[in-house]
Every structure is written in C-alpha cells, then in structure tokens.
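See below for data_4.pdb, which holds PDB, C-alpha atoms, pLDDT in the B column.
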```pdb
ATOM      1  CA  MET A   1     -10.987 -16.281  -6.097  1.00 59.00           C
ATOM      2  CA  THR A   2     -12.711 -12.965  -6.680  1.00 76.00           C
ATOM      3  CA  ALA A   3     -10.673  -9.802  -6.675  1.00 78.00           C
ATOM      4  CA  PRO A   4     -10.885  -7.739  -3.489  1.00 91.00           C
ATOM      5  CA  SER A   5     -12.840  -4.491  -3.694  1.00 95.00           C
ATOM      6  CA  GLU A   6     -11.047  -1.151  -3.806  1.00 95.00           C
ATOM      7  CA  THR A   7     -12.466  -0.415  -0.349  1.00 96.00           C
ATOM      8  CA  ALA A   8     -11.080  -3.675   1.052  1.00 96.00           C
ATOM      9  CA  ILE A   9      -7.675  -2.980  -0.498  1.00 97.00           C
ATOM     10  CA  LYS A  10      -7.601   0.553   0.914  1.00 96.00           C
ATOM     11  CA  GLU A  11      -8.597  -0.711   4.370  1.00 97.00           C
ATOM     12  CA  THR A  12      -5.789  -3.264   4.253  1.00 97.00           C
ATOM     13  CA  ILE A  13      -3.246  -0.641   3.155  1.00 97.00           C
ATOM     14  CA  PHE A  14      -4.376   1.625   6.013  1.00 97.00           C
ATOM     15  CA  LYS A  15      -4.128  -1.261   8.492  1.00 97.00           C
ATOM     16  CA  LEU A  16      -0.568  -1.994   7.380  1.00 98.00           C
ATOM     17  CA  LEU A  17       0.368   1.700   7.396  1.00 97.00           C
ATOM     18  CA  GLY A  18      -1.136   2.038  10.867  1.00 96.00           C
ATOM     19  CA  ASN A  19       1.368  -0.545  12.083  1.00 96.00           C
ATOM     20  CA  ILE A  20       4.260   1.172  10.304  1.00 95.00           C
ATOM     21  CA  ALA A  21       3.363   4.817  10.993  1.00 94.00           C
ATOM     22  CA  PRO A  22       0.851   4.860  13.868  1.00 95.00           C
ATOM     23  CA  GLU A  23       0.976   8.657  14.176  1.00 93.00           C
ATOM     24  CA  ALA A  24       0.090   9.239  10.515  1.00 91.00           C
ATOM     25  CA  ASP A  25      -3.179  10.883   9.461  1.00 90.00           C
ATOM     26  CA  LEU A  26      -4.268   8.205   7.010  1.00 93.00           C
ATOM     27  CA  GLU A  27      -7.734   9.637   6.403  1.00 88.00           C
ATOM     28  CA  GLY A  28      -6.104  12.840   5.167  1.00 90.00           C
ATOM     29  CA  LEU A  29      -3.915  10.953   2.705  1.00 93.00           C
ATOM     30  CA  ASP A  30      -4.707  11.848  -0.894  1.00 95.00           C
ATOM     31  CA  ASP A  31      -5.016   8.871  -3.260  1.00 95.00           C
ATOM     32  CA  ASN A  32      -2.381  10.373  -5.588  1.00 97.00           C
ATOM     33  CA  GLU A  33       0.210  11.409  -3.000  1.00 96.00           C
ATOM     34  CA  ASP A  34       3.520   9.604  -2.651  1.00 97.00           C
ATOM     35  CA  ILE A  35       2.970   7.606   0.536  1.00 96.00           C
ATOM     36  CA  ARG A  36       6.642   7.528   1.486  1.00 96.00           C
ATOM     37  CA  GLN A  37       7.084  11.299   1.196  1.00 95.00           C
ATOM     38  CA  THR A  38       3.748  12.263   2.712  1.00 95.00           C
ATOM     39  CA  LEU A  39       4.018   9.966   5.727  1.00 95.00           C
ATOM     40  CA  GLY A  40       7.792  10.240   6.053  1.00 94.00           C
ATOM     41  CA  ILE A  41       8.394   6.492   6.005  1.00 95.00           C
ATOM     42  CA  ASP A  42      11.782   5.119   5.032  1.00 96.00           C
ATOM     43  CA  SER A  43      12.574   2.481   2.424  1.00 95.00           C
ATOM     44  CA  PHE A  44      12.652  -0.309   5.032  1.00 97.00           C
ATOM     45  CA  ASP A  45       9.122   0.558   6.222  1.00 97.00           C
ATOM     46  CA  PHE A  46       7.959   0.864   2.620  1.00 97.00           C
ATOM     47  CA  LEU A  47       9.363  -2.588   1.903  1.00 97.00           C
ATOM     48  CA  ASN A  48       7.480  -3.924   4.934  1.00 97.00           C
ATOM     49  CA  LEU A  49       4.292  -2.371   3.525  1.00 98.00           C
ATOM     50  CA  LEU A  50       4.779  -4.144   0.198  1.00 98.00           C
ATOM     51  CA  ILE A  51       5.594  -7.439   1.925  1.00 97.00           C
ATOM     52  CA  GLY A  52       2.420  -7.015   3.986  1.00 98.00           C
ATOM     53  CA  LEU A  53       0.391  -6.458   0.824  1.00 97.00           C
ATOM     54  CA  SER A  54       1.934  -9.568  -0.741  1.00 97.00           C
ATOM     55  CA  GLU A  55       0.968 -11.637   2.281  1.00 97.00           C
ATOM     56  CA  GLU A  56      -2.518 -10.170   2.740  1.00 97.00           C
ATOM     57  CA  PHE A  57      -3.545 -10.591  -0.892  1.00 96.00           C
ATOM     58  CA  LYS A  58      -1.469 -13.711  -1.643  1.00 95.00           C
ATOM     59  CA  ILE A  59       0.282 -12.003  -4.549  1.00 95.00           C
ATOM     60  CA  GLU A  60       3.856 -11.707  -5.721  1.00 96.00           C
ATOM     61  CA  ILE A  61       5.135  -8.150  -6.118  1.00 97.00           C
ATOM     62  CA  PRO A  62       8.399  -8.235  -8.051  1.00 97.00           C
ATOM     63  CA  GLU A  63      11.042  -5.745  -6.965  1.00 96.00           C
ATOM     64  CA  SER A  64      10.889  -4.224 -10.448  1.00 97.00           C
ATOM     65  CA  ASP A  65       7.312  -3.077  -9.668  1.00 97.00           C
ATOM     66  CA  TYR A  66       8.102  -1.309  -6.367  1.00 96.00           C
ATOM     67  CA  GLY A  67       8.523   2.055  -8.107  1.00 95.00           C
ATOM     68  CA  LYS A  68       5.028   1.746  -9.588  1.00 96.00           C
ATOM     69  CA  LEU A  69       3.452   1.517  -6.124  1.00 97.00           C
ATOM     70  CA  THR A  70       4.059   4.924  -4.590  1.00 96.00           C
ATOM     71  CA  SER A  71       0.467   6.096  -4.057  1.00 98.00           C
ATOM     72  CA  LEU A  72      -2.779   4.599  -2.785  1.00 97.00           C
ATOM     73  CA  LYS A  73      -4.265   4.865  -6.268  1.00 97.00           C
ATOM     74  CA  GLU A  74      -1.345   2.957  -7.822  1.00 98.00           C
ATOM     75  CA  MET A  75      -1.428   0.237  -5.151  1.00 98.00           C
ATOM     76  CA  ILE A  76      -5.172  -0.270  -5.490  1.00 97.00           C
ATOM     77  CA  ALA A  77      -4.973  -0.407  -9.311  1.00 97.00           C
ATOM     78  CA  TYR A  78      -2.052  -2.856  -9.159  1.00 97.00           C
ATOM     79  CA  ILE A  79      -3.783  -5.238  -6.770  1.00 96.00           C
ATOM     80  CA  THR A  80      -7.128  -5.154  -8.607  1.00 94.00           C
ATOM     81  CA  LYS A  81      -5.395  -6.119 -11.887  1.00 90.00           C
ATOM     82  CA  LEU A  82      -3.956  -9.315 -10.405  1.00 82.00           C
TER      83      LEU A  82
END
```
Go ahead and render the structure in this file as structure tokens.
Amino acid sequence: MTAPSETAIKETIFKLLGNIAPEADLEGLDDNEDIRQTLGIDSFDFLNLLIGLSEEFKIEIPESDYGKLTSLKEMIAYITKL
C-alpha cells in the first residue's frame, strides 16, 4: 500500500474535524497550531479524531503518541511515516 499524500491526509483530518466541530474555520487553521486549543475541542472529541484517523488510514495510534499529535503538521508527519 502506498502512503497517502499530505493533501489526502489533511482532507481526511478536516473531514473528521468537520464532524466534531462543524462551526470551526478549518481553512484558517495554521498547520502548527494546537488543534484542541484553537478549535476549542475537548479531550473526548480529540480522542474521537484520533480514532477516526486510525480507522481511515488503517493504522494503530498508541495512547503514548497522543501528545505528539496536537497540530496538523504533526498529524500529517506521523501518518506519512507509517
């Protein structure tokens, strides 16, 4: 299986975030911003985002890695390395 492109990963993250925070301005989200703080999502919603990423990309994200996935840039880099 080939790795998904950064664009495809970002589109998937935005799709998942759109379900979690439909009122959020995703296009204005900076790649380096903390998604939870910027969009005001709680830890339960953040967990749902990570579960969604696991399911979409058929990857395992260990709980120990959750803290490494706070921004778009970190999520994209993490997924492309797998």
### Query
So how far away is atom CA of A:Tyr78 from atom CA of A:Glu63, in Å?
13.6 Å
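The smallest atom-to-atom distance between A:Asp42 and any of A:Ala21, A:Leu29, A:Gly67, A:Glu74, using only C-alpha atoms, is found for A:Ala21.
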### Query
If you measure from atom CA of A:Thr12 to atom CA of A:Phe44, what distance in Å do you get, rounded to one decimal?
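Between these atoms lies a distance of 18.7 Å.
Taking atom CA of A:Tyr66 and atom CA of A:Leu53 as endpoints, the distance between them is 11.7 Å.
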### Query
Once the PyMOL selection byres ((chain A and resi 76) around 12) has been applied to the shown file, what residues remain in the selection, as number ranges by chain?
A: 3-14, 31-32, 53, 57, 68-75, 77-82
### Task
List the neighbours of A:Leu16 out to 12 Å using all atoms listed in the file; skip same-chain residues closer than 6 positions along the sequence, and give me the result as a ChimeraX atom specification.
/A:9-10,22,24,26,45-56
Specify the axis-aligned box that encloses all atoms of stretch 50-68 of chain A listed in the file after padding of 8 Å on each side, stating its centre and edge lengths in Å to one decimal as JSON.
```
{"center_x": 3.7, "center_y": -5.8, "center_z": -3.2, "size_x": 30.6, "size_y": 31.8, "size_z": 30.4}
```
## Note on the structure
Of A:Ser64, A:Leu17, A:Lys58, A:Gly28, the one nearest to A:Ile41 when counting all atoms listed in the file is A:Leu17
Fix up stretch 51-73 of chain A with N, CA and C atoms, then write it as a short mmCIF file (atom, residue, chain, number, x, y, z; two decimals), in the frame of the given file.
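Result written to part_9.cif:
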```
data_model
loop_
_atom_site.label_atom_id
_atom_site.label_comp_id
_atom_site.auth_asym_id
_atom_site.auth_seq_id
_atom_site.Cartn_x
_atom_site.Cartn_y
_atom_site.Cartn_z
N ILE A 51 5.60 -6.04 1.48
CA ILE A 51 5.59 -7.44 1.92
C ILE A 51 4.24 -7.76 2.57
N GLY A 52 3.74 -6.83 3.37
CA GLY A 52 2.42 -7.02 3.99
C GLY A 52 1.33 -7.16 2.95
N LEU A 53 1.38 -6.35 1.90
CA LEU A 53 0.39 -6.46 0.82
C LEU A 53 0.50 -7.81 0.12
N SER A 54 1.72 -8.25 -0.11
CA SER A 54 1.93 -9.57 -0.74
C SER A 54 1.28 -10.67 0.09
N GLU A 55 1.50 -10.60 1.40
CA GLU A 55 0.97 -11.64 2.28
C GLU A 55 -0.55 -11.56 2.41
N GLU A 56 -1.07 -10.35 2.57
CA GLU A 56 -2.52 -10.17 2.74
C GLU A 56 -3.30 -10.63 1.52
N PHE A 57 -2.80 -10.30 0.34
CA PHE A 57 -3.54 -10.59 -0.89
C PHE A 57 -3.01 -11.81 -1.64
N LYS A 58 -2.03 -12.50 -1.04
CA LYS A 58 -1.47 -13.71 -1.64
C LYS A 58 -1.01 -13.45 -3.08
N ILE A 59 -0.24 -12.37 -3.23
CA ILE A 59 0.28 -12.00 -4.55
C ILE A 59 1.79 -11.86 -4.47
N GLU A 60 2.42 -11.91 -5.62
CA GLU A 60 3.86 -11.71 -5.72
C GLU A 60 4.06 -10.31 -6.30
N ILE A 61 4.81 -9.48 -5.60
CA ILE A 61 5.14 -8.15 -6.12
C ILE A 61 6.62 -8.15 -6.42
N PRO A 62 6.98 -8.23 -7.71
CA PRO A 62 8.40 -8.24 -8.05
C PRO A 62 9.06 -6.90 -7.70
N GLU A 63 10.32 -6.96 -7.34
CA GLU A 63 11.04 -5.74 -6.96
C GLU A 63 10.99 -4.70 -8.07
N SER A 64 10.93 -5.15 -9.32
CA SER A 64 10.89 -4.22 -10.45
C SER A 64 9.60 -3.39 -10.46
N ASP A 65 8.58 -3.82 -9.72
CA ASP A 65 7.31 -3.08 -9.67
C ASP A 65 7.23 -2.11 -8.48
N TYR A 66 8.18 -2.14 -7.57
CA TYR A 66 8.10 -1.31 -6.37
C TYR A 66 7.92 0.17 -6.70
N GLY A 67 8.61 0.65 -7.73
CA GLY A 67 8.52 2.06 -8.11
C GLY A 67 7.17 2.45 -8.66
N LYS A 68 6.37 1.47 -9.05
CA LYS A 68 5.03 1.75 -9.59
C LYS A 68 3.99 1.85 -8.48
N LEU A 69 4.40 1.61 -7.23
CA LEU A 69 3.45 1.52 -6.12
C LEU A 69 3.72 2.59 -5.08
N THR A 70 3.72 3.84 -5.52
CA THR A 70 4.06 4.92 -4.59
C THR A 70 2.84 5.59 -3.96
N SER A 71 1.67 5.44 -4.58
CA SER A 71 0.47 6.10 -4.06
C SER A 71 -0.63 5.06 -3.79
N LEU A 72 -1.63 5.48 -3.03
CA LEU A 72 -2.78 4.60 -2.78
C LEU A 72 -3.42 4.17 -4.10
N LYS A 73 -3.62 5.14 -4.99
CA LYS A 73 -4.26 4.86 -6.27
C LYS A 73 -3.50 3.80 -7.06
#
```
